[in-house]
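One structure below.
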Amino acid sequence: MTSESKTVPDSVPAPASLVPGPADRLRVVLVGTQHPGNIGSAARAMKTMGLSRLVLVAPEKAPSVESYALAAGADDVLAGAVTCATLAEAVADCRLVLGCTARSRRVALEELLPRDAAARAVGEAAAGAEVALVFGRERTGLTNDELQLCHASVHIPANPDYSSLNLAAAVQVLSYELRLAVLAEAGSAAGVDSESGPDKRDPPASHAEMEGFFSQLADTLDAIDFHKGRAPDSAMRKLRRLYLRAGLDSREVRILRGILADAQRMASLARPGE
């Protein structure tokens, strides 16, 4: 048993599997965990519901003896946990990122109930996409900047008079809903010939591809003076929501980035002295 963490520069590897299913493409991401025991308890909650991919983003303390004690046999989940420096790194290859949050924030995100979030997550995973469910710090949750990296938020409708959920309890609630959704997906897919469906699209755009597109879009809007002196943050938030709703695939993102590159080139030619 070791507390040495693993790091992955570009993506979080899926476990080896002869026949990967939706659960193999689902990861639980814990951001800034403060107590090692909560990491172990979360691992236990995951394993009871058939989940195995745990990602730790900048934990204050690495998994410890206490973590393994509270994992209660989910040692394989802990041993396979990947540690990343930032949330962006942890979800770079994901098509869908859902941020679990206990209260409303200034970040305007679609808010989902756990059951709806699980159905969407498993649907994306069944289509071959990588999906992350992100949980924040025990005391303060996810920051607004971290929520900006999410496509939607998930809110557990707890008792408003006593709504404080332990981190592992929140992971258990979402893991349970994911389990139900995985079982439902397996039932609906039984006996269906995958080649008989509609023409398959290119792979869904990853989180990193979408973030690269958004960065180029922001640069292009500056280059063509779209904002005309106004603060760009509001427009970019609305554009992010618009394009995320579109569910772009990798080829569509490449086409859009090609259009932006031409727009940037024309803007450069239009500027005097260039």
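Starting from 1 in every chain, residues are counted up; chains themselves are A, B, ... following the order of the structure tokens, and ligands are numbered from 1 as listed.
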Tell me, as a PyMOL selection string, which residues lie within 8 Å of Phe135 of chain A, counting only C-alpha atoms; anything in the same chain fewer than 6 positions away does not count.
chain A and resi 28-31+99-101+141-142+167+171
Go ahead and dump the residues you just picked, all heavy atoms, as an mmCIF file, in the first residue's frame.
data_model
loop_
_atom_site.group_PDB
_atom_site.id
_atom_site.type_symbol
_atom_site.label_atom_id
_atom_site.label_comp_id
_atom_site.auth_asym_id
_atom_site.auth_seq_id
_atom_site.Cartn_x
_atom_site.Cartn_y
_atom_site.Cartn_z
ATOM 1 N N VAL A 28 -15.366 9.647 -11.189
ATOM 2 C CA VAL A 28 -15.712 10.527 -10.075
ATOM 3 C C VAL A 28 -14.472 11.351 -9.758
ATOM 4 O O VAL A 28 -13.388 10.807 -9.533
ATOM 5 C CB VAL A 28 -16.150 9.722 -8.841
ATOM 6 C CG1 VAL A 28 -16.281 10.627 -7.618
ATOM 7 C CG2 VAL A 28 -17.475 9.018 -9.118
ATOM 8 N N VAL A 29 -14.624 12.658 -9.776
ATOM 9 C CA VAL A 29 -13.507 13.574 -9.561
ATOM 10 C C VAL A 29 -13.726 14.315 -8.246
ATOM 11 O O VAL A 29 -14.745 14.999 -8.071
ATOM 12 C CB VAL A 29 -13.381 14.584 -10.724
ATOM 13 C CG1 VAL A 29 -12.185 15.508 -10.498
ATOM 14 C CG2 VAL A 29 -13.250 13.845 -12.057
ATOM 15 N N LEU A 30 -12.787 14.186 -7.321
ATOM 16 C CA LEU A 30 -12.843 14.889 -6.039
ATOM 17 C C LEU A 30 -11.823 16.023 -6.062
ATOM 18 O O LEU A 30 -10.629 15.772 -6.238
ATOM 19 C CB LEU A 30 -12.532 13.933 -4.882
ATOM 20 C CG LEU A 30 -13.374 12.649 -4.787
ATOM 21 C CD1 LEU A 30 -12.961 11.843 -3.550
ATOM 22 C CD2 LEU A 30 -14.862 12.962 -4.764
ATOM 23 N N VAL A 31 -12.289 17.244 -5.895
ATOM 24 C CA VAL A 31 -11.416 18.415 -6.004
ATOM 25 C C VAL A 31 -11.042 18.931 -4.610
ATOM 26 O O VAL A 31 -11.921 19.209 -3.783
ATOM 27 C CB VAL A 31 -12.100 19.540 -6.797
ATOM 28 C CG1 VAL A 31 -11.200 20.778 -6.862
ATOM 29 C CG2 VAL A 31 -12.459 19.068 -8.198
ATOM 30 N N GLY A 99 -20.926 19.194 -12.485
ATOM 31 C CA GLY A 99 -20.409 19.664 -11.206
ATOM 32 C C GLY A 99 -21.467 19.584 -10.119
ATOM 33 O O GLY A 99 -22.537 20.175 -10.253
ATOM 34 N N CYS A 100 -21.177 18.859 -9.064
ATOM 35 C CA CYS A 100 -22.121 18.713 -7.955
ATOM 36 C C CYS A 100 -21.951 19.885 -7.001
ATOM 37 O O CYS A 100 -20.857 20.109 -6.462
ATOM 38 C CB CYS A 100 -21.882 17.396 -7.230
ATOM 39 S SG CYS A 100 -22.063 15.971 -8.321
ATOM 40 N N THR A 101 -23.009 20.635 -6.788
ATOM 41 C CA THR A 101 -22.930 21.828 -5.966
ATOM 42 C C THR A 101 -24.147 21.922 -5.056
ATOM 43 O O THR A 101 -25.254 21.537 -5.439
ATOM 44 C CB THR A 101 -22.821 23.099 -6.841
ATOM 45 O OG1 THR A 101 -22.749 24.254 -6.003
ATOM 46 C CG2 THR A 101 -23.995 23.233 -7.787
ATOM 47 N N GLY A 141 -16.926 23.583 -1.344
ATOM 48 C CA GLY A 141 -17.404 23.101 -2.634
ATOM 49 C C GLY A 141 -16.504 23.517 -3.789
ATOM 50 O O GLY A 141 -15.293 23.686 -3.643
ATOM 51 N N LEU A 142 -17.104 23.702 -4.947
ATOM 52 C CA LEU A 142 -16.378 24.088 -6.155
ATOM 53 C C LEU A 142 -16.378 25.607 -6.301
ATOM 54 O O LEU A 142 -17.361 26.266 -5.982
ATOM 55 C CB LEU A 142 -17.030 23.462 -7.393
ATOM 56 C CG LEU A 142 -17.010 21.934 -7.474
ATOM 57 C CD1 LEU A 142 -17.937 21.450 -8.589
ATOM 58 C CD2 LEU A 142 -15.602 21.432 -7.708
ATOM 59 N N LEU A 167 -19.336 14.494 2.112
ATOM 60 C CA LEU A 167 -18.838 14.279 0.756
ATOM 61 C C LEU A 167 -19.131 12.865 0.271
ATOM 62 O O LEU A 167 -19.640 12.663 -0.840
ATOM 63 C CB LEU A 167 -17.334 14.558 0.700
ATOM 64 C CG LEU A 167 -16.633 14.229 -0.612
ATOM 65 C CD1 LEU A 167 -17.202 15.036 -1.764
ATOM 66 C CD2 LEU A 167 -15.127 14.458 -0.486
ATOM 67 N N VAL A 171 -21.424 11.457 -2.891
ATOM 68 C CA VAL A 171 -20.913 10.522 -3.893
ATOM 69 C C VAL A 171 -21.802 9.281 -3.958
ATOM 70 O O VAL A 171 -22.085 8.757 -5.039
ATOM 71 C CB VAL A 171 -19.450 10.129 -3.583
ATOM 72 C CG1 VAL A 171 -18.974 9.015 -4.518
ATOM 73 C CG2 VAL A 171 -18.535 11.346 -3.714
#
Which residues of segment 122-236 of chain A sit at most 6 Å from segment 244-250 of chain A, using only C-alpha atoms? Give each one's shortest atom pair and distance in Å (one decimal place), in chain and ascending residue order, as a Markdown table.
| residue | atom | partner | partner_atom | distance |
| --- | --- | --- | --- | --- |
| A:Asp202 | CA | A:Asp249 | CA | 5.9 |
| A:Pro203 | CA | A:Asp249 | CA | 5.7 |
| A:Pro204 | CA | A:Asp249 | CA | 3.9 |
| A:Ala205 | CA | A:Ser250 | CA | 4.3 |
Quick one: distance from atom CA of Ala90 of chain A to atom CA of Ala72 of chain A in Å, one decimal?
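Atom-to-atom, atom CA of Ala90 of chain A to atom CA of Ala72 of chain A, that is 25.6 Å.
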Taking the chain letters and numbering used in this document, name the residues of segment 135-232 of chain A that DSSP puts in helix (DSSP H, G or I), as number ranges by chain.
A: 144-148, 167-189, 194-196, 207-223
Store the residues of this selection in a file with N, CA and C atoms, as a CSV table (one decimal), in the first residue's frame.
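part_28.csv written:
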chain,number,residue,atom,x,y,z
A,144,ASN,N,-16.3,29.2,-8.5
A,144,ASN,CA,-16.9,29.6,-9.8
A,144,ASN,C,-16.1,29.3,-11.0
A,145,ASP,N,-14.8,29.4,-10.9
A,145,ASP,CA,-13.9,29.1,-12.0
A,145,ASP,C,-14.0,27.6,-12.3
A,146,GLU,N,-14.1,26.8,-11.3
A,146,GLU,CA,-14.2,25.3,-11.6
A,146,GLU,C,-15.6,25.0,-12.1
A,147,LEU,N,-16.6,25.6,-11.7
A,147,LEU,CA,-17.9,25.4,-12.2
A,147,LEU,C,-18.0,25.8,-13.7
A,148,GLN,N,-17.2,26.8,-14.1
A,148,GLN,CA,-17.2,27.3,-15.5
A,148,GLN,C,-16.7,26.1,-16.4
A,167,LEU,N,-19.3,14.5,2.1
A,167,LEU,CA,-18.8,14.3,0.8
A,167,LEU,C,-19.1,12.9,0.3
A,168,ALA,N,-18.8,11.9,1.1
A,168,ALA,CA,-19.0,10.5,0.7
A,168,ALA,C,-20.5,10.2,0.5
A,169,ALA,N,-21.4,10.8,1.3
A,169,ALA,CA,-22.8,10.6,1.1
A,169,ALA,C,-23.3,11.2,-0.2
A,170,ALA,N,-22.8,12.3,-0.6
A,170,ALA,CA,-23.1,12.9,-1.9
A,170,ALA,C,-22.6,12.0,-3.0
A,171,VAL,N,-21.4,11.5,-2.9
A,171,VAL,CA,-20.9,10.5,-3.9
A,171,VAL,C,-21.8,9.3,-4.0
A,172,GLN,N,-22.3,8.8,-2.8
A,172,GLN,CA,-23.1,7.6,-2.8
A,172,GLN,C,-24.5,7.9,-3.5
A,173,VAL,N,-25.1,9.0,-3.3
A,173,VAL,CA,-26.3,9.4,-3.9
A,173,VAL,C,-26.1,9.4,-5.4
A,174,LEU,N,-25.1,10.0,-5.9
A,174,LEU,CA,-24.9,10.1,-7.4
A,174,LEU,C,-24.5,8.7,-7.9
A,175,SER,N,-23.7,8.0,-7.2
A,175,SER,CA,-23.3,6.6,-7.6
A,175,SER,C,-24.5,5.7,-7.8
A,176,TYR,N,-25.4,5.8,-6.8
A,176,TYR,CA,-26.6,5.0,-6.9
A,176,TYR,C,-27.4,5.3,-8.1
A,177,GLU,N,-27.6,6.6,-8.4
A,177,GLU,CA,-28.4,7.0,-9.6
A,177,GLU,C,-27.7,6.6,-10.9
A,178,LEU,N,-26.4,6.6,-10.9
A,178,LEU,CA,-25.6,6.1,-12.0
A,178,LEU,C,-25.8,4.6,-12.2
A,179,ARG,N,-25.8,3.9,-11.1
A,179,ARG,CA,-26.0,2.5,-11.2
A,179,ARG,C,-27.4,2.1,-11.8
A,180,LEU,N,-28.4,2.8,-11.3
A,180,LEU,CA,-29.8,2.6,-11.9
A,180,LEU,C,-29.8,2.9,-13.4
A,181,ALA,N,-29.1,4.0,-13.8
A,181,ALA,CA,-29.1,4.4,-15.2
A,181,ALA,C,-28.3,3.4,-16.0
A,182,VAL,N,-27.2,2.9,-15.5
A,182,VAL,CA,-26.4,1.9,-16.2
A,182,VAL,C,-27.2,0.6,-16.4
A,183,LEU,N,-27.9,0.2,-15.4
A,183,LEU,CA,-28.8,-1.0,-15.5
A,183,LEU,C,-29.9,-0.8,-16.5
A,184,ALA,N,-30.5,0.4,-16.5
A,184,ALA,CA,-31.6,0.7,-17.5
A,184,ALA,C,-31.0,0.7,-18.9
A,185,GLU,N,-29.8,1.2,-19.1
A,185,GLU,CA,-29.2,1.3,-20.4
A,185,GLU,C,-28.9,-0.1,-20.9
A,186,ALA,N,-28.4,-1.0,-20.0
A,186,ALA,CA,-28.1,-2.4,-20.4
A,186,ALA,C,-29.4,-3.1,-20.8
A,187,GLY,N,-30.5,-2.8,-20.1
A,187,GLY,CA,-31.7,-3.5,-20.5
A,187,GLY,C,-32.2,-3.0,-21.8
A,188,SER,N,-32.1,-1.7,-22.1
A,188,SER,CA,-32.6,-1.2,-23.3
A,188,SER,C,-31.8,-1.6,-24.5
A,189,ALA,N,-30.5,-1.8,-24.2
A,189,ALA,CA,-29.6,-2.2,-25.3
A,189,ALA,C,-29.5,-3.7,-25.6
A,194,SER,N,-26.0,-2.9,-33.0
A,194,SER,CA,-25.5,-1.5,-33.1
A,194,SER,C,-25.3,-1.0,-34.5
A,195,GLU,N,-25.1,-1.9,-35.5
A,195,GLU,CA,-24.9,-1.5,-36.9
A,195,GLU,C,-26.3,-1.1,-37.6
A,196,SER,N,-27.4,-1.4,-36.9
A,196,SER,CA,-28.7,-1.1,-37.6
A,196,SER,C,-29.2,0.3,-37.3
A,207,HIS,N,-13.6,17.6,-23.9
A,207,HIS,CA,-13.6,18.9,-23.1
A,207,HIS,C,-12.4,19.7,-23.5
A,208,ALA,N,-11.2,19.1,-23.8
A,208,ALA,CA,-10.1,19.9,-24.2
A,208,ALA,C,-10.3,20.5,-25.6
A,209,GLU,N,-10.9,19.8,-26.5
A,209,GLU,CA,-11.2,20.4,-27.8
A,209,GLU,C,-12.2,21.5,-27.7
A,210,MET,N,-13.2,21.4,-26.8
A,210,MET,CA,-14.1,22.5,-26.6
A,210,MET,C,-13.4,23.7,-26.0
A,211,GLU,N,-12.6,23.5,-25.0
A,211,GLU,CA,-11.9,24.6,-24.4
A,211,GLU,C,-10.9,25.3,-25.4
A,212,GLY,N,-10.3,24.5,-26.2
A,212,GLY,CA,-9.4,25.1,-27.3
A,212,GLY,C,-10.3,26.0,-28.2
A,213,PHE,N,-11.4,25.5,-28.6
A,213,PHE,CA,-12.3,26.3,-29.4
A,213,PHE,C,-12.8,27.6,-28.8
A,214,PHE,N,-13.1,27.5,-27.5
A,214,PHE,CA,-13.6,28.7,-26.8
A,214,PHE,C,-12.5,29.7,-26.7
A,215,SER,N,-11.2,29.2,-26.4
A,215,SER,CA,-10.1,30.2,-26.4
A,215,SER,C,-9.9,30.9,-27.7
A,216,GLN,N,-10.0,30.1,-28.8
A,216,GLN,CA,-9.8,30.7,-30.1
A,216,GLN,C,-11.0,31.7,-30.4
A,217,LEU,N,-12.2,31.3,-30.0
A,217,LEU,CA,-13.4,32.1,-30.2
A,217,LEU,C,-13.2,33.5,-29.5
A,218,ALA,N,-12.7,33.4,-28.3
A,218,ALA,CA,-12.5,34.7,-27.5
A,218,ALA,C,-11.5,35.6,-28.2
A,219,ASP,N,-10.4,34.9,-28.7
A,219,ASP,CA,-9.3,35.7,-29.4
A,219,ASP,C,-9.9,36.3,-30.7
A,220,THR,N,-10.7,35.6,-31.4
A,220,THR,CA,-11.3,36.1,-32.7
A,220,THR,C,-12.3,37.2,-32.4
A,221,LEU,N,-13.1,37.1,-31.4
A,221,LEU,CA,-14.0,38.2,-31.1
A,221,LEU,C,-13.2,39.5,-30.7
A,222,ASP,N,-12.1,39.3,-30.0
A,222,ASP,CA,-11.3,40.5,-29.8
A,222,ASP,C,-10.7,41.1,-31.1
A,223,ALA,N,-10.3,40.2,-31.9
A,223,ALA,CA,-9.6,40.6,-33.2
A,223,ALA,C,-10.5,41.4,-34.1
Can you check which residues of segment 106-170 of chain A DSSP gives as strand (DSSP E or B) on the backbone and send them as an NGL selection string?
:A and (110-112 or 131-135 or 137 or 141 or 152-154)
